[in-house]
$ cat data-v4.cif   # mmCIF, C-alpha atoms and all ligand atoms
data_coords
loop_
_atom_site.label_atom_id
_atom_site.label_comp_id
_atom_site.auth_asym_id
_atom_site.auth_seq_id
_atom_site.Cartn_x
_atom_site.Cartn_y
_atom_site.Cartn_z
CA MET A 225 152.07 65.22 -137.39
CA SER A 226 149.96 67.71 -135.42
CA ARG A 227 150.07 68.58 -131.74
CA ALA A 228 146.47 67.35 -131.43
CA SER A 229 147.31 63.89 -132.76
CA LEU A 230 150.27 63.62 -130.34
CA ASP A 231 147.87 64.31 -127.47
CA LYS A 232 145.49 61.55 -128.50
CA ASP A 233 147.19 59.00 -130.71
CA PRO A 234 149.84 56.61 -129.32
CA HIS A 235 150.94 55.70 -132.89
CA ALA A 236 151.78 59.35 -133.58
CA VAL A 237 153.88 59.41 -130.36
CA ALA A 238 155.76 56.23 -131.35
CA SER A 239 156.47 57.67 -134.84
CA MET A 240 157.67 60.93 -133.34
CA PHE A 241 160.20 59.04 -131.19
CA ASP A 242 161.24 56.88 -134.17
CA GLY A 243 162.01 60.22 -135.86
CA VAL A 244 164.23 61.61 -133.07
CA ALA A 245 165.90 58.30 -132.16
CA ARG A 246 169.13 58.73 -134.12
CA ARG A 247 170.31 61.78 -132.18
CA TYR A 248 168.17 61.38 -129.04
CA ASP A 249 171.00 60.86 -126.53
CA LEU A 250 173.06 63.82 -127.77
CA THR A 251 170.06 66.17 -127.95
CA ASN A 252 169.06 65.20 -124.43
CA THR A 253 172.45 65.89 -122.92
CA VAL A 254 172.81 69.24 -124.74
CA MET A 255 169.30 70.43 -123.86
CA SER A 256 169.55 69.44 -120.20
CA LEU A 257 172.97 71.17 -120.02
CA GLY A 258 174.46 67.83 -118.97
CA ARG A 259 172.16 67.39 -115.95
CA ASP A 260 170.55 64.24 -117.38
CA ARG A 261 173.37 62.05 -116.02
CA ALA A 262 172.84 63.24 -112.45
CA TRP A 263 169.05 62.75 -112.77
CA ARG A 264 169.59 59.16 -113.94
CA ARG A 265 171.98 58.44 -111.05
CA ALA A 266 169.45 59.85 -108.57
CA THR A 267 166.76 57.60 -110.06
CA ARG A 268 168.96 54.51 -109.60
CA LYS A 269 169.68 55.44 -105.98
CA ALA A 270 166.00 56.16 -105.22
CA LEU A 271 165.08 52.66 -106.40
CA GLY A 272 167.45 51.10 -103.81
CA LEU A 273 168.16 48.16 -106.14
CA GLN A 274 169.86 44.99 -104.94
CA PRO A 275 171.92 42.63 -107.13
CA GLY A 276 169.67 40.01 -108.70
CA GLU A 277 166.43 41.97 -108.37
CA LYS A 278 164.23 42.23 -111.46
CA VAL A 279 163.54 45.77 -112.66
CA LEU A 280 161.42 47.12 -115.48
CA ASP A 281 162.60 50.36 -117.09
CA LEU A 282 159.47 51.45 -118.93
CA ALA A 283 159.58 53.90 -121.85
CA ALA A 284 163.31 53.20 -121.85
CA GLY A 285 163.88 54.55 -125.35
CA THR A 286 167.52 54.03 -126.32
CA ALA A 287 168.09 52.23 -122.97
CA VAL A 288 170.25 55.13 -121.75
CA SER A 289 168.23 55.04 -118.51
CA THR A 290 168.44 51.21 -118.29
CA VAL A 291 172.23 50.94 -118.41
CA GLU A 292 172.47 53.32 -115.45
CA LEU A 293 170.08 51.07 -113.46
CA ALA A 294 172.07 47.97 -114.44
CA LYS A 295 175.11 49.38 -112.58
CA SER A 296 173.31 48.23 -109.40
CA GLY A 297 173.71 44.56 -110.36
CA ALA A 298 169.94 44.20 -110.72
CA TRP A 299 168.53 42.48 -113.84
CA CYS A 300 167.07 45.34 -115.86
CA VAL A 301 164.81 45.09 -118.88
CA ALA A 302 164.12 48.05 -121.18
CA ALA A 303 160.61 48.30 -122.66
CA ASP A 304 159.35 50.86 -125.18
CA PHE A 305 156.87 50.98 -128.05
CA SER A 306 159.21 52.90 -130.38
CA VAL A 307 161.21 50.24 -132.17
CA GLY A 308 163.32 53.06 -133.64
CA MET A 309 164.38 54.19 -130.13
CA LEU A 310 165.17 50.61 -129.03
CA ALA A 311 167.19 50.07 -132.23
CA ALA A 312 169.16 53.29 -131.64
CA GLY A 313 170.27 51.72 -128.33
CA ARG A 314 171.36 48.44 -129.94
CA LYS A 315 174.90 48.76 -128.55
CA ARG A 316 173.58 48.97 -124.99
CA TYR A 317 173.63 45.36 -123.84
CA VAL A 318 170.48 45.09 -121.75
CA PRO A 319 167.39 43.01 -122.63
CA LYS A 320 164.91 45.04 -124.70
CA VAL A 321 161.21 44.41 -125.24
CA ALA A 322 158.85 46.22 -127.62
CA GLY A 323 155.58 46.90 -125.85
CA ASP A 324 152.94 49.48 -124.98
CA ALA A 325 152.97 50.90 -121.45
CA THR A 326 149.20 50.53 -121.26
CA LYS A 327 149.23 46.79 -122.19
CA LEU A 328 152.51 45.44 -120.90
CA PRO A 329 153.65 42.05 -122.20
CA PHE A 330 154.49 40.76 -118.68
CA GLY A 331 152.63 38.69 -116.08
CA ASP A 332 151.31 39.95 -112.76
CA GLY A 333 153.78 40.68 -109.94
CA VAL A 334 156.98 39.71 -111.78
CA PHE A 335 159.17 42.76 -111.00
CA ASP A 336 160.74 43.87 -107.70
CA ALA A 337 160.72 47.46 -108.94
CA VAL A 338 159.49 49.47 -111.93
CA THR A 339 160.61 52.86 -113.11
CA ILE A 340 159.92 55.31 -115.91
CA SER A 341 162.21 58.24 -116.78
CA PHE A 342 160.96 61.14 -118.90
CA GLY A 343 158.34 58.76 -120.29
CA LEU A 344 155.12 59.01 -118.27
CA ARG A 345 154.39 62.47 -119.74
CA ASN A 346 154.43 60.89 -123.19
CA VAL A 347 152.13 57.98 -122.37
CA VAL A 348 148.79 59.18 -123.77
CA ASP A 349 146.80 57.50 -120.96
CA HIS A 350 149.06 58.15 -117.93
CA ALA A 351 146.73 56.53 -115.41
CA ALA A 352 146.53 53.31 -117.46
CA GLY A 353 150.35 53.24 -117.60
CA LEU A 354 150.60 53.67 -113.81
CA ARG A 355 148.04 50.88 -113.24
CA GLU A 356 149.92 48.54 -115.59
CA MET A 357 153.16 49.26 -113.75
CA ALA A 358 151.40 48.34 -110.48
CA ARG A 359 150.02 45.13 -112.03
CA VAL A 360 153.47 43.82 -113.06
CA THR A 361 155.08 44.72 -109.69
CA LYS A 362 155.23 42.33 -106.70
CA PRO A 363 153.28 43.30 -103.58
CA GLY A 364 155.64 45.53 -101.58
CA GLY A 365 157.63 46.39 -104.75
CA ARG A 366 158.83 49.91 -105.56
CA LEU A 367 158.04 52.58 -108.14
CA VAL A 368 160.16 55.57 -109.14
CA VAL A 369 158.89 58.09 -111.69
CA CYS A 370 161.55 60.54 -112.92
CA GLU A 371 159.87 63.36 -114.83
CA PHE A 372 160.13 67.07 -115.60
CA SER A 373 158.17 69.04 -113.03
CA THR A 374 157.52 72.54 -111.69
CA PRO A 375 160.49 74.62 -110.44
CA ASN A 376 159.94 75.62 -106.81
CA VAL A 377 161.89 78.94 -106.82
CA PRO A 378 159.75 81.70 -108.50
CA VAL A 379 162.59 83.59 -110.31
CA PHE A 380 164.05 80.33 -111.49
CA ALA A 381 160.59 79.23 -112.72
CA THR A 382 160.33 82.32 -114.98
CA VAL A 383 163.81 81.83 -116.46
CA TYR A 384 163.07 78.14 -117.01
CA LYS A 385 159.75 78.90 -118.76
CA GLU A 386 161.60 81.23 -121.16
CA TYR A 387 164.24 78.54 -121.73
CA LEU A 388 161.57 75.96 -122.56
CA MET A 389 159.65 78.13 -125.00
CA ARG A 390 162.53 79.98 -126.70
CA ALA A 391 166.00 78.48 -126.23
CA LEU A 392 165.06 74.80 -126.22
CA PRO A 393 163.45 74.78 -129.70
CA ALA A 394 166.46 76.74 -131.04
CA VAL A 395 168.95 74.28 -129.52
CA ALA A 396 166.85 71.41 -130.89
CA ARG A 397 166.99 72.92 -134.39
CA ALA A 398 170.78 72.83 -134.15
CA VAL A 399 171.25 69.29 -132.84
CA SER A 400 168.10 67.17 -133.28
CA SER A 401 167.06 65.06 -136.27
CA ASN A 402 163.42 66.26 -135.79
CA PRO A 403 163.28 69.75 -134.19
CA GLU A 404 159.45 69.98 -134.33
CA ALA A 405 159.25 67.11 -131.86
CA TYR A 406 161.07 69.25 -129.30
CA VAL A 407 158.54 72.06 -129.61
CA TYR A 408 155.89 69.47 -128.69
CA LEU A 409 158.08 68.26 -125.80
CA ALA A 410 158.51 71.81 -124.43
CA GLU A 411 154.74 72.32 -124.53
CA SER A 412 154.07 68.95 -122.91
CA ILE A 413 156.43 69.83 -120.03
CA ARG A 414 154.50 73.07 -119.42
CA ALA A 415 151.16 71.25 -119.47
CA TRP A 416 152.29 68.50 -117.05
CA PRO A 417 150.85 68.39 -113.46
CA ASP A 418 152.99 69.78 -110.67
CA GLN A 419 154.54 67.61 -107.95
CA ALA A 420 151.49 67.39 -105.67
CA ALA A 421 149.02 66.78 -108.51
CA LEU A 422 151.15 64.00 -109.98
CA ALA A 423 151.48 62.40 -106.52
CA GLU A 424 147.67 62.31 -106.32
CA GLN A 425 147.41 60.64 -109.74
CA ILE A 426 149.99 58.02 -108.75
CA ALA A 427 148.18 57.29 -105.47
CA ALA A 428 144.88 56.94 -107.38
CA SER A 429 146.45 54.40 -109.76
CA GLY A 430 147.37 51.51 -107.46
CA TRP A 431 150.35 52.85 -105.45
CA SER A 432 150.72 53.64 -101.72
CA GLN A 433 153.17 55.72 -99.61
CA VAL A 434 153.62 58.15 -102.52
CA SER A 435 156.12 60.94 -101.97
CA TRP A 436 158.49 63.07 -104.06
CA ARG A 437 161.84 64.81 -104.04
CA ASN A 438 162.90 67.72 -106.27
CA LEU A 439 166.08 67.66 -108.35
CA THR A 440 167.71 70.79 -109.83
CA GLY A 441 165.25 73.13 -108.11
CA GLY A 442 162.19 71.17 -109.22
CA ILE A 443 163.01 71.09 -112.95
CA VAL A 444 162.81 67.35 -112.36
CA ALA A 445 161.00 65.46 -109.58
CA LEU A 446 161.40 61.87 -108.43
CA HIS A 447 158.11 60.40 -107.26
CA THR A 448 158.29 57.16 -105.31
CA GLY A 449 155.59 54.70 -104.31
CA HIS A 450 155.02 51.12 -103.15
CA LYS A 451 152.70 48.41 -104.40
CA PRO A 452 150.38 47.69 -101.45
CA LEU A 453 150.93 44.32 -99.72
CA ASP A 454 147.16 43.69 -100.23
C1 LIG B 501 161.74 61.06 -123.68
S1 LIG B 501 161.89 59.34 -124.03
C2 LIG B 501 162.66 58.71 -122.57
C3 LIG B 501 163.70 57.64 -122.82
C4 LIG B 501 164.55 57.22 -121.62
N1 LIG B 501 163.76 56.64 -120.55
C5 LIG B 501 165.37 58.36 -121.07
O1 LIG B 501 165.43 58.49 -119.84
O2 LIG B 501 166.00 59.10 -121.84
C6 LIG B 501 160.21 58.82 -123.85
C7 LIG B 501 159.94 57.41 -124.37
O3 LIG B 501 158.60 57.06 -124.02
C8 LIG B 501 158.17 56.13 -125.00
N2 LIG B 501 156.72 55.96 -124.89
C9 LIG B 501 155.75 56.91 -124.94
N3 LIG B 501 154.54 56.35 -124.83
C10 LIG B 501 154.73 55.01 -124.66
C11 LIG B 501 153.85 53.91 -124.49
N4 LIG B 501 152.52 54.06 -124.48
N5 LIG B 501 154.41 52.68 -124.36
C12 LIG B 501 155.75 52.51 -124.39
N6 LIG B 501 156.64 53.51 -124.57
C13 LIG B 501 156.12 54.76 -124.70
C14 LIG B 501 158.63 56.76 -126.30
O4 LIG B 501 158.65 55.85 -127.36
C15 LIG B 501 160.03 57.26 -125.89
O5 LIG B 501 161.06 56.35 -126.23
#
$ encode --input "data-v4.cif" --output "structure tokens"
Amino acid sequence: MSRASLDKDPHAVASMFDGVARRYDLTNTVMSLGRDRAWRRATRKALGLQPGEKVLDLAAGTAVSTVELAKSGAWCVAADFSVGMLAAGRKRYVPKVAGDATKLPFGDGVFDAVTISFGLRNVVDHAAGLREMARVTKPGGRLVVCEFSTPNVPVFATVYKEYLMRALPAVARAVSSNPEAYVYLAESIRAWPDQAALAEQIAASGWSQVSWRNLTGGIVALHTGHKPLD
């Protein structure tokens, strides 16, 4: 699988995730130096979920992000187009749906909130994914995007860039079932828009009141938005 096909072909992306599914959770925790748990907690809190609300966790993968959301008492459904990732999360007891982010198998306005963690960067047509998320959300409903971003402290940014390009592929070779996939992931993080540019894309794709908050010095950012009332 080439880098070029991952940039253009959703099937190549789904196969890549099928290939890393078996050791995805472990690799994630090792490579984020254990920070992934705090980022998931922050995402749940930013969504402000209430018991009984309906929430879509898009690009949920092994549902590791979904089970954190379910702690709120909301009804949380995990959706992903990698059946291998969903299957690797079979012991996580949340509803799971196979589906493409750009053609979601849900009606209009059915969710109180939608969220996507470390997934939007991998959706080949990001804007189409954001518009679909807006379509399935009720007017007034909430969006939280949790994604790698641009560190906001210059020295830290240099160290982080070195980590991404050198240490991360080495760590992936030691723990992942498909190390090449992590080279692609490191490159995709570097190519991703910074906080302000992503906020503009979200606002141009059907969301209002878009803002963001940095986590871990901007390594990750949480972008929030609302579906306009009309
Ligand atoms: C890095 S994983 C994130 C998994 C999980 N949300 C987490 O926080 O660990 C990215 C996921 O995005 C999914 N994905 C990428 N493009 C997608 C699309 N067009 N539709 C549905 N899922 C997609 C991949 O299959 C993969 O499981």
$ residues_near_ligand --input "data-v4.cif" --ligand "ligand LIG 501 (chain B)" --cutoff "6 Å" --atoms "all atoms listed in the file" --output "NGL selection string"
:A and (238 or 241 or 283-285 or 288-289 or 304-306 or 309 or 323-326 or 341-343 or 346-347)
$ residues_around --input "data-v4.cif" --residues "Arg264 (chain A)" --least-positions-apart "4" --cutoff "7 Å" --atoms "only C-alpha atoms" --output "ChimeraX atom specification"
/A:260,268,289,292
$ write_last_selection --input "data-v4.cif" --atoms "C-alpha atoms" --output "compact mmCIF listing (two decimals), in the coordinates of the input"
# COMPACT_ATOMS: atom_id res chain seq x y z
CA ASP A 260 170.55 64.24 -117.38
CA ARG A 268 168.96 54.51 -109.60
CA SER A 289 168.23 55.04 -118.51
CA GLU A 292 172.47 53.32 -115.45
$ closest_residue --input "data-v4.cif" --among "A:Val318, A:Leu293, A:Ile426, A:Ala421" --to "Gly353 (chain A)" --atoms "all atoms listed in the file"
A:Ile426
$ closest_residue --input "data-v4.cif" --among "A:Ala420, A:Leu392, A:Ala445, A:Leu453" --to "Leu257 (chain A)" --atoms "only C-alpha atoms"
A:Leu392
$ residues_around --input "data-v4.cif" --residues "Pro393 (chain A)" --least-positions-apart "2" --cutoff "8 Å" --atoms "only C-alpha atoms" --output "NGL selection string"
:A and (388-391 or 395-397 or 403-404 or 406-407 or 410)
$ closest_residue --input "data-v4.cif" --among "A:Val338, A:Ala405, A:Ala427, A:Val291" --to "Arg366 (chain A)" --atoms "all atoms listed in the file"
A:Val338
$ closest_residue --input "data-v4.cif" --among "A:Ala423, A:Tyr387, A:Ser412, A:His350" --to "Ser256 (chain A)" --atoms "all atoms listed in the file"
A:Tyr387
